[in-house]
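Dropping work26.csv in here (CSV, C-alpha atoms):
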chain,number,residue,atom,x,y,z
B,1,MET,CA,-1.0,0.1,-21.8
B,2,ASP,CA,-1.1,3.8,-21.2
B,3,TRP,CA,0.9,5.8,-18.7
B,4,LEU,CA,-1.9,5.8,-16.1
B,5,GLN,CA,-2.0,2.0,-16.0
B,6,ILE,CA,1.7,1.8,-15.8
B,7,THR,CA,1.8,4.2,-12.9
B,8,GLN,CA,-1.0,2.3,-11.1
B,9,ALA,CA,0.9,-0.9,-11.6
B,10,LEU,CA,4.1,0.6,-10.2
B,11,PHE,CA,2.3,1.9,-7.1
B,12,LEU,CA,0.7,-1.5,-6.5
B,13,ALA,CA,4.0,-3.2,-6.8
B,14,ALA,CA,5.7,-0.7,-4.4
B,15,MET,CA,3.0,-1.3,-1.9
B,16,MET,CA,3.4,-5.0,-2.1
B,17,VAL,CA,7.1,-4.7,-1.6
B,18,TYR,CA,6.6,-2.4,1.3
B,19,ILE,CA,3.7,-4.0,3.2
B,20,PHE,CA,4.2,-7.8,2.8
B,21,PRO,CA,7.4,-8.0,4.9
B,22,MET,CA,5.8,-6.1,7.7
B,23,VAL,CA,2.7,-8.3,7.6
B,24,LYS,CA,4.9,-11.4,7.7
B,25,ARG,CA,6.8,-10.2,10.7
B,26,ALA,CA,3.6,-9.2,12.4
B,27,ILE,CA,2.1,-12.7,11.9
B,28,GLN,CA,5.3,-14.4,13.2
B,29,ASN,CA,5.8,-12.1,16.3
B,30,PRO,CA,2.4,-10.7,17.2
B,31,SER,CA,3.6,-9.3,20.6
B,32,ASP,CA,6.4,-7.3,18.9
B,33,SER,CA,4.1,-5.7,16.4
B,34,LYS,CA,1.4,-4.1,18.5
B,35,GLY,CA,2.6,-0.5,17.8
B,36,LYS,CA,3.6,-1.1,14.2
B,37,TRP,CA,0.2,-1.4,12.5
B,38,GLY,CA,0.4,2.3,11.9
B,39,GLU,CA,3.3,1.7,9.6
B,40,ILE,CA,1.1,-0.6,7.5
B,41,ILE,CA,-2.1,1.4,7.6
B,42,ILE,CA,-0.6,4.8,6.7
B,43,PRO,CA,0.9,3.7,3.3
B,44,LEU,CA,-2.3,1.7,2.6
B,45,ILE,CA,-4.4,4.9,3.1
B,46,VAL,CA,-2.0,6.8,0.9
B,47,VAL,CA,-2.4,4.3,-1.9
B,48,ILE,CA,-6.2,4.3,-1.5
B,49,ALA,CA,-6.2,8.1,-1.7
B,50,ILE,CA,-4.0,8.1,-4.9
B,51,VAL,CA,-6.3,5.5,-6.6
B,52,ALA,CA,-9.3,7.6,-5.6
B,53,ILE,CA,-7.7,10.7,-7.1
B,54,LEU,CA,-6.8,8.8,-10.3
B,55,ILE,CA,-10.4,7.5,-10.6
B,56,ALA,CA,-11.8,11.0,-10.0
B,57,MET,CA,-9.5,12.5,-12.7
B,58,VAL,CA,-10.7,9.9,-15.2
B,59,ARG,CA,-14.4,10.6,-14.7

When written as C-alpha cells, how does the structure in this file appear?
Amino acid sequence: MDWLQITQALFLAAMMVYIFPMVKRAIQNPSDSKGKWGEIIIPLIVVIAIVAILIAMVR
C-alpha cells in the first residue's frame, strides 16, 4: 500500500466513525433529528470533495 491508499482508508474510517452514530440516532428518533441532517451531509460532501481531488491529482 502506498501513502495515498493509507490516507484514503483513514478518511473512510473517520467518516464511518463520525456518521454512523448520527444515522443510528436519526433512525431511532426521527422527530429529534429533523435539523441534524446537515451534520451528516456536510462531512459527506467534504469526503466526496477530497476523493474527487485525489482522483484528479492521480490522472

Q.
So, with only C-alpha atoms as the atoms that count, which of B:Ala14, B:Ala9, B:Ala56, B:Ile27 lies closest to Pro43 of chain B?
A. B:Ala14

**Q.** For atom CA of Thr7 of chain B and atom CA of Arg25 of chain B, the interatomic separation in Å (one decimal)
**A.**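 Atom CA of Arg25 of chain B lies at a distance of 28.1 Å from atom CA of Thr7 of chain B.
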
Q | Which residue of B:Leu4, B:Ile45, B:Ile40, B:Met57 approaches Phe20 of chain B most closely, using all atoms listed in the file | A |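 For Phe20 of chain B, the nearest of the given residues is B:Ile40.
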
Q: To one decimal in Å, tell me the separation between atom CA of Ala52 of chain B and atom CA of Trp37 of chain B.
A: 22.3 Å

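Shortest atom-to-atom contact with Ala26 of chain B among B:Ala49, B:Arg59, B:Gly38, B:Trp3: B:Gly38, counting only C-alpha atoms.
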
Q) Residues at most 10 Å from Tyr18 of chain B, counting only C-alpha atoms, excluding those fewer than 3 positions away in the same chain, as number ranges by chain? A) B: 12-15, 21-23, 39-40, 43-44

**Q.** Pairwise distance for atom CA of Leu10 of chain B and atom CA of Val47 of chain B, rounded to one decimal in Å
**A.**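 Atom CA of Val47 of chain B lies 11.2 Å from atom CA of Leu10 of chain B.
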
Q. Which residue, B:Val17, B:Asp2, B:Gln28, B:Phe11, has the smallest gap to Ile48 of chain B when you use all atoms listed in the file?
A.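 Once distances to Ile48 of chain B are computed over all atoms listed in the file, the minimum belongs to B:Phe11.
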